[in-house]
$ cat run_19.pdb   # PDB, C-alpha atoms
ATOM      1  CA  MET A   1     -18.620 102.480 -44.884
ATOM      2  CA  LYS A   2     -18.067 101.997 -41.162
ATOM      3  CA  TYR A   3     -21.113 100.768 -39.249
ATOM      4  CA  VAL A   4     -22.356  99.307 -35.960
ATOM      5  CA  ILE A   5     -24.723  96.442 -35.160
ATOM      6  CA  GLY A   6     -27.216  96.120 -32.308
ATOM      7  CA  ILE A   7     -28.941  92.823 -31.536
ATOM      8  CA  ASP A   8     -31.922  92.188 -29.281
ATOM      9  CA  GLY A   9     -31.441  88.497 -28.586
ATOM     10  CA  GLY A  10     -34.637  86.760 -27.541
ATOM     11  CA  GLY A  11     -35.528  83.278 -26.416
ATOM     12  CA  THR A  12     -37.532  82.610 -29.583
ATOM     13  CA  LYS A  13     -36.433  85.316 -32.037
ATOM     14  CA  SER A  14     -33.752  87.963 -32.380
ATOM     15  CA  ILE A  15     -33.814  91.394 -34.011
ATOM     16  CA  LEU A  16     -30.742  93.026 -35.529
ATOM     17  CA  THR A  17     -30.372  96.675 -36.540
ATOM     18  CA  ILE A  18     -27.491  98.213 -38.449
ATOM     19  CA  LYS A  19     -26.630 101.926 -38.493
ATOM     20  CA  ASP A  20     -23.625 103.823 -39.760
ATOM     21  CA  VAL A  21     -21.296 105.462 -37.221
ATOM     22  CA  ASN A  22     -23.271 108.718 -37.536
ATOM     23  CA  GLY A  23     -26.439 106.948 -36.398
ATOM     24  CA  SER A  24     -28.154 106.750 -39.779
ATOM     25  CA  PHE A  25     -30.350 103.670 -40.242
ATOM     26  CA  ILE A  26     -29.237 101.031 -42.720
ATOM     27  CA  MET A  27     -31.376  97.941 -42.160
ATOM     28  CA  LYS A  28     -33.112  95.477 -39.834
ATOM     29  CA  GLY A  29     -32.735  91.715 -39.817
ATOM     30  CA  TYR A  30     -34.561  88.919 -38.014
ATOM     31  CA  GLY A  31     -33.400  85.517 -36.841
ATOM     32  CA  GLY A  32     -33.823  82.716 -34.333
ATOM     33  CA  THR A  33     -32.916  82.503 -30.668
ATOM     34  CA  THR A  34     -29.570  83.879 -29.492
ATOM     35  CA  ASN A  35     -30.288  83.210 -25.831
ATOM     36  CA  ILE A  36     -27.706  80.678 -24.684
ATOM     37  CA  ARG A  37     -29.891  79.788 -21.703
ATOM     38  CA  ALA A  38     -32.837  78.945 -23.949
ATOM     39  CA  THR A  39     -31.036  76.590 -26.313
ATOM     40  CA  SER A  40     -27.666  74.949 -26.969
ATOM     41  CA  LYS A  41     -24.415  76.756 -27.765
ATOM     42  CA  GLU A  42     -24.480  75.123 -31.202
ATOM     43  CA  ASN A  43     -27.954  76.505 -31.975
ATOM     44  CA  VAL A  44     -26.967  79.975 -30.803
ATOM     45  CA  GLU A  45     -23.855  79.846 -32.982
ATOM     46  CA  ILE A  46     -25.928  78.873 -36.013
ATOM     47  CA  SER A  47     -28.558  81.564 -35.332
ATOM     48  CA  LEU A  48     -26.025  84.328 -34.731
ATOM     49  CA  SER A  49     -23.981  83.393 -37.783
ATOM     50  CA  LYS A  50     -27.013  83.388 -40.079
ATOM     51  CA  LEU A  51     -28.427  86.592 -38.608
ATOM     52  CA  ILE A  52     -25.199  88.589 -38.765
ATOM     53  CA  GLU A  53     -23.816  87.245 -42.034
ATOM     54  CA  ASN A  54     -27.124  87.445 -43.932
ATOM     55  CA  SER A  55     -27.856  90.967 -42.662
ATOM     56  CA  ILE A  56     -24.413  92.229 -43.653
ATOM     57  CA  LYS A  57     -24.723  90.571 -47.062
ATOM     58  CA  ASN A  58     -28.232  91.938 -47.683
ATOM     59  CA  ALA A  59     -27.027  95.440 -46.808
ATOM     60  CA  ASN A  60     -24.073  95.089 -49.201
ATOM     61  CA  LEU A  61     -21.622  95.778 -46.398
ATOM     62  CA  ASP A  62     -18.163  94.421 -45.617
ATOM     63  CA  ILE A  63     -17.835  92.529 -42.324
ATOM     64  CA  ASP A  64     -14.439  94.176 -41.755
ATOM     65  CA  ASP A  65     -16.169  97.592 -41.620
ATOM     66  CA  CYS A  66     -18.217  96.662 -38.530
ATOM     67  CA  VAL A  67     -16.540  98.758 -35.823
ATOM     68  CA  ALA A  68     -18.823  97.727 -32.938
ATOM     69  CA  LEU A  69     -21.477  95.139 -32.146
ATOM     70  CA  CYS A  70     -23.644  94.908 -29.034
ATOM     71  CA  LEU A  71     -25.717  91.839 -28.245
ATOM     72  CA  GLY A  72     -28.260  92.125 -25.446
ATOM     73  CA  THR A  73     -29.776  88.839 -24.314
ATOM     74  CA  ALA A  74     -31.218  87.233 -21.205
ATOM     75  CA  GLY A  75     -28.523  84.576 -21.557
ATOM     76  CA  ALA A  76     -25.690  87.000 -20.801
ATOM     77  CA  GLY A  77     -26.042  87.338 -17.042
ATOM     78  CA  VAL A  78     -23.222  84.889 -16.261
ATOM     79  CA  LYS A  79     -19.594  85.690 -17.163
ATOM     80  CA  GLU A  80     -19.022  82.241 -18.656
ATOM     81  CA  ASP A  81     -22.019  82.641 -20.985
ATOM     82  CA  LYS A  82     -20.992  86.196 -21.869
ATOM     83  CA  ASP A  83     -17.500  85.020 -22.830
ATOM     84  CA  THR A  84     -18.971  82.180 -24.893
ATOM     85  CA  LEU A  85     -21.167  84.598 -26.836
ATOM     86  CA  LYS A  86     -18.224  86.950 -27.432
ATOM     87  CA  ASP A  87     -16.176  84.046 -28.788
ATOM     88  CA  ILE A  88     -19.005  83.084 -31.135
ATOM     89  CA  ILE A  89     -19.247  86.638 -32.477
ATOM     90  CA  LYS A  90     -15.472  86.820 -32.964
ATOM     91  CA  SER A  91     -15.526  83.506 -34.843
ATOM     92  CA  ILE A  92     -18.059  84.988 -37.291
ATOM     93  CA  GLY A  93     -15.447  87.573 -38.256
ATOM     94  CA  ILE A  94     -16.405  90.692 -36.284
ATOM     95  CA  LYS A  95     -13.175  92.523 -35.449
ATOM     96  CA  GLY A  96     -14.607  95.695 -33.936
ATOM     97  CA  ASN A  97     -15.727  96.303 -30.356
ATOM     98  CA  ILE A  98     -17.894  93.456 -29.071
ATOM     99  CA  ILE A  99     -20.211  94.139 -26.142
ATOM    100  CA  VAL A 100     -22.398  91.382 -24.715
ATOM    101  CA  THR A 101     -24.843  92.410 -22.024
ATOM    102  CA  ASN A 102     -28.205  91.396 -20.578
ATOM    103  CA  ASP A 103     -31.515  92.245 -22.209
ATOM    104  CA  ALA A 104     -32.495  94.699 -19.470
ATOM    105  CA  GLU A 105     -29.577  97.042 -20.193
ATOM    106  CA  ILE A 106     -30.523  97.409 -23.842
ATOM    107  CA  VAL A 107     -34.128  98.107 -22.788
ATOM    108  CA  ILE A 108     -32.902 100.964 -20.576
ATOM    109  CA  ALA A 109     -30.716 102.334 -23.364
ATOM    110  CA  ALA A 110     -33.535 102.033 -25.907
ATOM    111  CA  GLY A 111     -36.014 103.825 -23.651
ATOM    112  CA  THR A 112     -33.790 106.567 -22.240
ATOM    113  CA  GLY A 113     -30.931 106.953 -24.702
ATOM    114  CA  LYS A 114     -28.439 106.497 -21.875
ATOM    115  CA  MET A 115     -27.258 103.928 -19.357
ATOM    116  CA  GLU A 116     -29.303 105.149 -16.410
ATOM    117  CA  GLY A 117     -32.794 104.154 -15.327
ATOM    118  CA  VAL A 118     -34.892 101.100 -14.647
ATOM    119  CA  ALA A 119     -36.015  98.328 -16.989
ATOM    120  CA  LEU A 120     -39.180  96.521 -15.965
ATOM    121  CA  ILE A 121     -39.772  93.473 -18.122
ATOM    122  CA  SER A 122     -42.873  91.309 -17.942
ATOM    123  CA  GLY A 123     -43.362  88.760 -20.662
ATOM    124  CA  THR A 124     -43.428  85.044 -19.964
ATOM    125  CA  GLY A 125     -41.285  85.879 -16.903
ATOM    126  CA  SER A 126     -40.607  89.092 -14.995
ATOM    127  CA  ILE A 127     -37.586  91.073 -13.803
ATOM    128  CA  ALA A 128     -36.605  94.609 -12.822
ATOM    129  CA  TYR A 129     -33.118  95.950 -13.414
ATOM    130  CA  GLY A 130     -31.625  99.337 -12.709
ATOM    131  CA  ILE A 131     -28.465 101.341 -13.365
ATOM    132  CA  ASN A 132     -27.575 104.604 -11.609
ATOM    133  CA  ASN A 133     -25.336 107.417 -12.857
ATOM    134  CA  GLU A 134     -22.350 105.873 -11.089
ATOM    135  CA  GLY A 135     -22.750 102.600 -12.968
ATOM    136  CA  LEU A 136     -24.100 100.618 -10.011
ATOM    137  CA  ARG A 137     -26.378  97.828 -11.224
ATOM    138  CA  VAL A 138     -29.214  96.132  -9.312
ATOM    139  CA  ARG A 139     -31.363  93.185 -10.357
ATOM    140  CA  VAL A 140     -34.644  92.262  -8.673
ATOM    141  CA  GLY A 141     -36.656  89.186  -9.601
ATOM    142  CA  GLY A 142     -35.824  87.067 -12.597
ATOM    143  CA  TRP A 143     -35.827  83.918 -10.469
ATOM    144  CA  GLY A 144     -37.884  81.853 -12.872
ATOM    145  CA  HIS A 145     -41.407  80.469 -12.728
ATOM    146  CA  VAL A 146     -40.875  78.258  -9.656
ATOM    147  CA  LEU A 147     -39.179  80.838  -7.423
ATOM    148  CA  GLY A 148     -40.579  84.061  -8.838
ATOM    149  CA  ASP A 149     -41.880  85.640 -12.070
ATOM    150  CA  GLU A 150     -44.608  87.467 -10.165
ATOM    151  CA  GLY A 151     -46.706  89.698 -12.392
ATOM    152  CA  SER A 152     -45.608  87.891 -15.537
ATOM    153  CA  GLY A 153     -47.639  86.197 -18.236
ATOM    154  CA  TYR A 154     -46.883  82.845 -16.619
ATOM    155  CA  TYR A 155     -48.080  84.159 -13.246
ATOM    156  CA  ILE A 156     -51.300  85.552 -14.706
ATOM    157  CA  GLY A 157     -52.006  82.429 -16.740
ATOM    158  CA  LEU A 158     -51.461  80.116 -13.793
ATOM    159  CA  GLU A 159     -53.617  82.294 -11.540
ATOM    160  CA  ALA A 160     -56.378  82.084 -14.139
ATOM    161  CA  ILE A 161     -56.345  78.279 -14.021
ATOM    162  CA  LYS A 162     -56.145  78.224 -10.220
ATOM    163  CA  ALA A 163     -59.085  80.628  -9.947
ATOM    164  CA  ALA A 164     -61.109  78.500 -12.344
ATOM    165  CA  LEU A 165     -60.541  75.379 -10.271
ATOM    166  CA  ARG A 166     -61.263  77.130  -6.985
ATOM    167  CA  TYR A 167     -64.608  78.222  -8.402
ATOM    168  CA  TYR A 168     -65.272  74.661  -9.572
ATOM    169  CA  ASP A 169     -64.507  73.431  -6.044
ATOM    170  CA  GLY A 170     -66.961  75.936  -4.582
ATOM    171  CA  ARG A 171     -64.235  77.803  -2.738
ATOM    172  CA  GLU A 172     -64.703  81.067  -4.632
ATOM    173  CA  PRO A 173     -67.528  82.914  -6.434
ATOM    174  CA  TYR A 174     -68.351  82.437 -10.104
ATOM    175  CA  THR A 175     -65.735  83.365 -12.682
ATOM    176  CA  GLU A 176     -65.805  83.244 -16.459
ATOM    177  CA  LEU A 177     -62.303  81.819 -16.292
ATOM    178  CA  LEU A 178     -63.449  78.214 -15.811
ATOM    179  CA  SER A 179     -65.178  77.908 -19.160
ATOM    180  CA  MET A 180     -62.603  80.103 -20.891
ATOM    181  CA  THR A 181     -59.542  78.161 -19.698
ATOM    182  CA  MET A 182     -61.164  74.790 -20.413
ATOM    183  CA  GLU A 183     -62.038  75.864 -23.934
ATOM    184  CA  LYS A 184     -58.510  77.115 -24.608
ATOM    185  CA  ALA A 185     -56.960  73.872 -23.293
ATOM    186  CA  HIS A 186     -59.544  71.778 -25.198
ATOM    187  CA  LEU A 187     -60.611  69.986 -22.022
ATOM    188  CA  GLU A 188     -63.920  68.228 -21.484
ATOM    189  CA  LYS A 189     -64.006  68.493 -17.684
ATOM    190  CA  PRO A 190     -62.057  70.437 -15.011
ATOM    191  CA  GLU A 191     -60.392  67.265 -13.708
ATOM    192  CA  ASP A 192     -58.513  67.075 -17.028
ATOM    193  CA  PHE A 193     -56.390  70.032 -15.915
ATOM    194  CA  VAL A 194     -54.353  67.648 -13.734
ATOM    195  CA  LYS A 195     -53.112  65.719 -16.750
ATOM    196  CA  TYR A 196     -52.725  68.921 -18.771
ATOM    197  CA  ILE A 197     -50.611  70.739 -16.180
ATOM    198  CA  TYR A 198     -48.476  67.889 -14.899
ATOM    199  CA  ARG A 199     -47.372  66.459 -18.226
ATOM    200  CA  ASP A 200     -43.622  66.350 -18.873
ATOM    201  CA  ASP A 201     -43.618  68.439 -22.042
ATOM    202  CA  LEU A 202     -45.557  71.420 -20.645
ATOM    203  CA  LYS A 203     -43.864  74.697 -21.591
ATOM    204  CA  LYS A 204     -43.935  77.923 -19.588
ATOM    205  CA  SER A 205     -45.126  79.730 -22.685
ATOM    206  CA  GLU A 206     -48.244  77.539 -22.775
ATOM    207  CA  ILE A 207     -49.261  78.673 -19.299
ATOM    208  CA  ALA A 208     -48.402  82.279 -20.162
ATOM    209  CA  SER A 209     -50.718  82.083 -23.172
ATOM    210  CA  PHE A 210     -53.689  81.860 -20.776
ATOM    211  CA  ALA A 211     -52.938  85.399 -19.558
ATOM    212  CA  VAL A 212     -54.869  86.972 -22.427
ATOM    213  CA  LEU A 213     -58.022  85.246 -21.153
ATOM    214  CA  VAL A 214     -57.803  87.176 -17.901
ATOM    215  CA  ASP A 215     -57.935  90.483 -19.743
ATOM    216  CA  GLU A 216     -60.835  89.220 -21.856
ATOM    217  CA  ALA A 217     -62.725  88.137 -18.732
ATOM    218  CA  TYR A 218     -62.005  91.502 -17.092
ATOM    219  CA  GLN A 219     -63.482  93.251 -20.134
ATOM    220  CA  LYS A 220     -66.656  91.228 -19.511
ATOM    221  CA  GLY A 221     -66.811  92.487 -15.922
ATOM    222  CA  ASP A 222     -65.354  89.395 -14.221
ATOM    223  CA  ASN A 223     -64.319  90.380 -10.680
ATOM    224  CA  LYS A 224     -61.796  87.571 -10.240
ATOM    225  CA  ALA A 225     -60.062  88.495 -13.454
ATOM    226  CA  LYS A 226     -59.793  92.098 -12.292
ATOM    227  CA  GLU A 227     -58.324  90.924  -8.987
ATOM    228  CA  ILE A 228     -55.644  88.912 -10.805
ATOM    229  CA  LEU A 229     -54.705  91.897 -12.970
ATOM    230  CA  ILE A 230     -54.492  94.194  -9.949
ATOM    231  CA  ASN A 231     -52.313  91.690  -8.105
ATOM    232  CA  SER A 232     -50.066  91.480 -11.145
ATOM    233  CA  ALA A 233     -49.678  95.268 -11.257
ATOM    234  CA  TRP A 234     -48.825  95.286  -7.536
ATOM    235  CA  ALA A 235     -46.213  92.577  -8.021
ATOM    236  CA  LEU A 236     -44.579  94.571 -10.820
ATOM    237  CA  PHE A 237     -44.700  97.696  -8.661
ATOM    238  CA  GLU A 238     -42.877  95.818  -5.894
ATOM    239  CA  LEU A 239     -40.160  94.751  -8.338
ATOM    240  CA  SER A 240     -39.706  98.340  -9.533
ATOM    241  CA  SER A 241     -39.850  99.774  -6.045
ATOM    242  CA  ALA A 242     -37.118  97.451  -4.779
ATOM    243  CA  VAL A 243     -34.772  98.676  -7.538
ATOM    244  CA  ILE A 244     -35.705 102.298  -6.889
ATOM    245  CA  LYS A 245     -34.961 101.959  -3.179
ATOM    246  CA  ARG A 246     -31.696 100.058  -3.595
ATOM    247  CA  LEU A 247     -30.382 102.612  -6.093
ATOM    248  CA  LYS A 248     -31.791 105.520  -4.053
ATOM    249  CA  PHE A 249     -33.748 106.829  -7.024
ATOM    250  CA  GLY A 250     -36.687 108.114  -4.954
ATOM    251  CA  ASN A 251     -35.819 111.812  -5.211
ATOM    252  CA  GLU A 252     -34.331 111.766  -8.711
ATOM    253  CA  ARG A 253     -35.968 112.210 -12.094
ATOM    254  CA  VAL A 254     -35.555 108.725 -13.466
ATOM    255  CA  THR A 255     -37.412 106.774 -16.128
ATOM    256  CA  ILE A 256     -38.767 103.237 -15.815
ATOM    257  CA  VAL A 257     -38.863 101.597 -19.247
ATOM    258  CA  ALA A 258     -41.633  98.990 -19.415
ATOM    259  CA  SER A 259     -41.138  96.090 -21.800
ATOM    260  CA  GLY A 260     -42.558  92.633 -22.459
ATOM    261  CA  SER A 261     -45.961  91.545 -23.740
ATOM    262  CA  VAL A 262     -47.806  91.974 -20.425
ATOM    263  CA  LEU A 263     -46.802  95.620 -19.976
ATOM    264  CA  ILE A 264     -46.996  96.544 -23.645
ATOM    265  CA  LYS A 265     -50.338  94.888 -24.447
ATOM    266  CA  ASN A 266     -52.318  94.931 -21.194
ATOM    267  CA  THR A 267     -53.543  98.488 -20.755
ATOM    268  CA  PHE A 268     -55.192  97.858 -17.379
ATOM    269  CA  ILE A 269     -52.006  96.487 -15.805
ATOM    270  CA  PHE A 270     -49.833  99.256 -17.229
ATOM    271  CA  GLU A 271     -52.168 102.066 -16.174
ATOM    272  CA  THR A 272     -52.628 100.558 -12.696
ATOM    273  CA  LEU A 273     -48.863 100.233 -12.321
ATOM    274  CA  LYS A 274     -48.357 103.773 -13.596
ATOM    275  CA  GLY A 275     -50.718 105.069 -10.919
ATOM    276  CA  LEU A 276     -48.908 103.136  -8.188
ATOM    277  CA  ILE A 277     -45.535 104.489  -9.329
ATOM    278  CA  LYS A 278     -46.766 108.084  -9.487
ATOM    279  CA  GLU A 279     -48.357 107.849  -6.049
ATOM    280  CA  ALA A 280     -45.190 106.511  -4.439
ATOM    281  CA  TYR A 281     -42.532 108.329  -6.479
ATOM    282  CA  SER A 282     -43.675 111.638  -7.951
ATOM    283  CA  ASN A 283     -40.370 112.283  -9.754
ATOM    284  CA  ILE A 284     -40.229 108.942 -11.518
ATOM    285  CA  ASN A 285     -41.777 108.478 -14.935
ATOM    286  CA  ILE A 286     -42.767 105.174 -16.545
ATOM    287  CA  VAL A 287     -42.959 104.716 -20.310
ATOM    288  CA  LYS A 288     -43.577 101.794 -22.626
ATOM    289  CA  LEU A 289     -40.714 100.738 -24.829
ATOM    290  CA  THR A 290     -41.510 101.743 -28.391
ATOM    291  CA  GLY A 291     -39.993  99.697 -31.146
ATOM    292  CA  ASP A 292     -37.524  96.996 -30.224
ATOM    293  CA  ALA A 293     -34.552  96.896 -27.885
ATOM    294  CA  SER A 294     -32.017  96.451 -30.698
ATOM    295  CA  GLU A 295     -32.014 100.264 -30.774
ATOM    296  CA  GLY A 296     -30.678 100.199 -27.222
ATOM    297  CA  ALA A 297     -27.983  97.734 -28.251
ATOM    298  CA  LEU A 298     -27.045 100.135 -31.044
ATOM    299  CA  CYS A 299     -26.829 102.995 -28.555
ATOM    300  CA  ILE A 300     -24.391 100.961 -26.440
ATOM    301  CA  ALA A 301     -22.362  99.997 -29.524
ATOM    302  CA  LEU A 302     -22.098 103.632 -30.629
ATOM    303  CA  ASN A 303     -21.158 104.766 -27.122
ATOM    304  CA  SER A 304     -18.308 102.251 -27.122
ATOM    305  CA  LEU A 305     -16.813 104.330 -29.944
ATOM    306  CA  GLY A 306     -17.244 107.568 -28.044
ATOM    307  CA  THR A 307     -20.153 108.493 -30.343
ATOM    308  CA  SER A 308     -23.475 109.672 -28.874
TER     309      SER A 308
END
$ encode --input "run_19.pdb" --output "structure tokens"
Amino acid sequence: MKYVIGIDGGGTKSILTIKDVNGSFIMKGYGGTTNIRATSKENVEISLSKLIENSIKNANLDIDDCVALCLGTAGAGVKEDKDTLKDIIKSIGIKGNIIVTNDAEIVIAAGTGKMEGVALISGTGSIAYGINNEGLRVRVGGWGHVLGDEGSGYYIGLEAIKAALRYYDGREPYTELLSMTMEKAHLEKPEDFVKYIYRDDLKKSEIASFAVLVDEAYQKGDNKAKEILINSAWALFELSSAVIKRLKFGNERVTIVASGSVLIKNTFIFETLKGLIKEAYSNINIVKLTGDASEGALCIALNSLGTS
């Protein structure tokens, strides 16, 4: 049986879906990181090999019958990295079409069923990416936590800690965030944040994990928390708007596909953003990605065969 594979390659985990060439579901598989920017080439090779080989084996399929594979990952934005990932997939034994693209393109395909629209991703980091009907591609944001990532989990988490310390200093009104952030970080006094933040092994994901506290504080009526969430929604609107303007989408019926933990889980941010989009661009719709983006990778793999 001829089949295709779609992989949503994440920084911590990857999701693989297999369908036959008619689009009928066969199975899902799960594995480690396949993001070459998040780990070493050797680790990616091990993860991809295990994920692909085990999934094919568990589905009782023959690797020679895979006619197309699409991997979408944040580590595929540079040609050198894309070529490296293609070589790894070829070395596993895939002889069919191999497409390696960025994670935003598979989000668009998963949310719209075609390669046109805007992907707005806000997880630990943030980025907006668009494709028009002529194939022109535009990226906005994605500069990382030092230069950008506005509206992301990292941004929200860091703003929570900053707001807590400003209140402690007496520079801003009371906020629940001081006690909440200290409790989460297991700190005895606010001054301990200096050691906590400036340690060498601090991970971006640790800061992003504080973002959930902002939503919890907002639910309690905390004004500062609400302000942070509103600012996050505005930042994500600005990312989307820049893509819309550069691709001249303003008068077209285009879909923004929202993905990432911030947009999927934080109802206040999503609804605020939705209102901003509708007010500025009446023809543009915004939807949350349902399921996982491996479905978008499958769509791209099938399209490479001339199959819709």
$ residues_around --input "run_19.pdb" --residues "Ile197 in chain A" --least-positions-apart "5" --cutoff "12 Å" --atoms "all atoms listed in the file" --output "list in words"
Gly157, Leu158, Ile161, Lys162, Ala185, Leu187, Pro190, Glu191, Asp192, Leu202, Lys203, Lys204, Glu206 and Ile207 of chain A
$ resolve_selection --input "run_19.pdb" --expression "the PyMOL selection byres ((chain A and resi 16) around 9)" --output "PyMOL selection string"
chain A and resi 5-9+14-15+17-18+27-31+51-52+55+71+294-295
$ resolve_selection --input "run_19.pdb" --expression "the PyMOL selection byres ((chain A and resi 142) around 6)" --output "PDB file with C-alpha atoms, keeping the file's coordinate frame"
ATOM      1  CA  SER A 126     -40.607  89.092 -14.995  1.00  0.00           C
ATOM      2  CA  ILE A 127     -37.586  91.073 -13.803  1.00  0.00           C
ATOM      3  CA  GLY A 141     -36.656  89.186  -9.601  1.00  0.00           C
ATOM      4  CA  TRP A 143     -35.827  83.918 -10.469  1.00  0.00           C
ATOM      5  CA  GLY A 144     -37.884  81.853 -12.872  1.00  0.00           C
TER       6      GLY A 144
END
$ closest_residue --input "run_19.pdb" --among "A:Ser47, A:Asn223, A:Ser152, A:Ser205" --to "Glu172 in chain A" --atoms "only C-alpha atoms"
A:Asn223
$ resolve_selection --input "run_19.pdb" --expression "the PyMOL selection byres ((chain A and resi 226-238) around 6)" --output "list in words"
Glu150, Gly151, Tyr218, Asn223, Lys224, Ala225, Leu239, Ser240, Ser241, Ile269 and Leu273 of chain A
$ residues_around --input "run_19.pdb" --residues "Asp103 in chain A" --least-positions-apart "2" --cutoff "8 Å" --atoms "all atoms listed in the file" --output "ChimeraX atom specification"
/A:8-9,72-74,76,101,105-107,293
$ closest_residue --input "run_19.pdb" --among "A:Val67, A:Ile46, A:Ala38, A:Ala104" --to "Asp81 in chain A" --atoms "only C-alpha atoms"
A:Ala38
$ atom_distance --input "run_19.pdb" --atom1 "CA of Leu120 in chain A" --atom2 "CA of Val212 in chain A"
19.5 Å
$ atom_distance --input "run_19.pdb" --atom1 "CA of Ala119 in chain A" --atom2 "CA of Thr33 in chain A"
21.1 Å
$ closest_residue --input "run_19.pdb" --among "A:Thr267, A:Asn132, A:Lys13, A:Cys70" --to "Ile94 in chain A" --atoms "only C-alpha atoms"
A:Cys70
$ residues_around --input "run_19.pdb" --residues "Met182 in chain A" --least-positions-apart "2" --cutoff "12 Å" --atoms "all atoms listed in the file" --output "PDB file with C-alpha atoms, in the frame of the given file"
ATOM      1  CA  ALA A 160     -56.378  82.084 -14.139  1.00  0.00           C
ATOM      2  CA  ILE A 161     -56.345  78.279 -14.021  1.00  0.00           C
ATOM      3  CA  LYS A 162     -56.145  78.224 -10.220  1.00  0.00           C
ATOM      4  CA  ALA A 164     -61.109  78.500 -12.344  1.00  0.00           C
ATOM      5  CA  LEU A 165     -60.541  75.379 -10.271  1.00  0.00           C
ATOM      6  CA  TYR A 168     -65.272  74.661  -9.572  1.00  0.00           C
ATOM      7  CA  GLU A 176     -65.805  83.244 -16.459  1.00  0.00           C
ATOM      8  CA  LEU A 177     -62.303  81.819 -16.292  1.00  0.00           C
ATOM      9  CA  LEU A 178     -63.449  78.214 -15.811  1.00  0.00           C
ATOM     10  CA  SER A 179     -65.178  77.908 -19.160  1.00  0.00           C
ATOM     11  CA  MET A 180     -62.603  80.103 -20.891  1.00  0.00           C
ATOM     12  CA  LYS A 184     -58.510  77.115 -24.608  1.00  0.00           C
ATOM     13  CA  ALA A 185     -56.960  73.872 -23.293  1.00  0.00           C
ATOM     14  CA  HIS A 186     -59.544  71.778 -25.198  1.00  0.00           C
ATOM     15  CA  LEU A 187     -60.611  69.986 -22.022  1.00  0.00           C
ATOM     16  CA  GLU A 188     -63.920  68.228 -21.484  1.00  0.00           C
ATOM     17  CA  LYS A 189     -64.006  68.493 -17.684  1.00  0.00           C
ATOM     18  CA  PRO A 190     -62.057  70.437 -15.011  1.00  0.00           C
ATOM     19  CA  GLU A 191     -60.392  67.265 -13.708  1.00  0.00           C
ATOM     20  CA  ASP A 192     -58.513  67.075 -17.028  1.00  0.00           C
ATOM     21  CA  PHE A 193     -56.390  70.032 -15.915  1.00  0.00           C
ATOM     22  CA  VAL A 194     -54.353  67.648 -13.734  1.00  0.00           C
ATOM     23  CA  TYR A 196     -52.725  68.921 -18.771  1.00  0.00           C
ATOM     24  CA  PHE A 210     -53.689  81.860 -20.776  1.00  0.00           C
ATOM     25  CA  LEU A 213     -58.022  85.246 -21.153  1.00  0.00           C
TER      26      LEU A 213
END
$ closest_atom_pairs --input "run_19.pdb" --of "range 111-209 of chain A" --to "range 274-288 of chain A" --cutoff "12 Å" --atoms "all atoms listed in the file" --output "tab-separated table"
residue	atom	partner	partner_atom	distance
A:Gly111	CA	A:Val287	CA	7.8
A:Thr112	CA	A:Val287	CA	9.6
A:Gly117	CA	A:Ile284	CA	9.6
A:Val118	CA	A:Ile286	CA	9.1
A:Ala119	CA	A:Ile286	CA	9.6
A:Leu120	CA	A:Ile286	CA	9.4
A:Ile121	CA	A:Lys288	CA	10.2
A:Ser122	CA	A:Lys288	CA	11.5
$ atom_distance --input "run_19.pdb" --atom1 "CA of Lys57 in chain A" --atom2 "CA of Ser40 in chain A"
25.6 Å
$ residues_around --input "run_19.pdb" --residues "Gly306 in chain A" --least-positions-apart "5" --cutoff "12 Å" --atoms "all atoms listed in the file" --output "list in words"
Val21, Asn22, Val67, Ala68, Asn97, Cys299, Ile300 and Ala301 of chain A
$ closest_residue --input "run_19.pdb" --among "A:Leu247, A:Leu298, A:Val262, A:Ile99" --to "Glu134 in chain A" --atoms "all atoms listed in the file"
A:Leu247
$ build_atoms --input "run_19.pdb" --residues "range 113-121 of chain A" --atoms "N, CA and C atoms" --output "short mmCIF file (atom, residue, chain, number, x, y, z; two decimals), keeping the file's coordinate frame"
data_model
loop_
_atom_site.label_atom_id
_atom_site.label_comp_id
_atom_site.auth_asym_id
_atom_site.auth_seq_id
_atom_site.Cartn_x
_atom_site.Cartn_y
_atom_site.Cartn_z
N GLY A 113 -32.05 106.43 -23.94
CA GLY A 113 -30.93 106.95 -24.70
C GLY A 113 -29.64 107.03 -23.92
N LYS A 114 -29.65 106.48 -22.72
CA LYS A 114 -28.44 106.50 -21.88
C LYS A 114 -28.46 105.28 -20.96
N MET A 115 -27.36 105.08 -20.24
CA MET A 115 -27.26 103.93 -19.36
C MET A 115 -27.58 104.33 -17.92
N GLU A 116 -28.80 104.81 -17.74
CA GLU A 116 -29.30 105.15 -16.41
C GLU A 116 -30.82 105.02 -16.42
N GLY A 117 -31.36 104.33 -15.41
CA GLY A 117 -32.79 104.15 -15.33
C GLY A 117 -33.14 102.75 -14.87
N VAL A 118 -34.40 102.40 -15.08
CA VAL A 118 -34.89 101.10 -14.65
C VAL A 118 -35.60 100.41 -15.82
N ALA A 119 -35.28 99.15 -16.03
CA ALA A 119 -36.02 98.33 -16.99
C ALA A 119 -36.94 97.42 -16.21
N LEU A 120 -38.20 97.43 -16.56
CA LEU A 120 -39.18 96.52 -15.96
C LEU A 120 -39.72 95.67 -17.09
N ILE A 121 -39.41 94.38 -17.04
CA ILE A 121 -39.77 93.47 -18.12
C ILE A 121 -40.76 92.43 -17.61
#
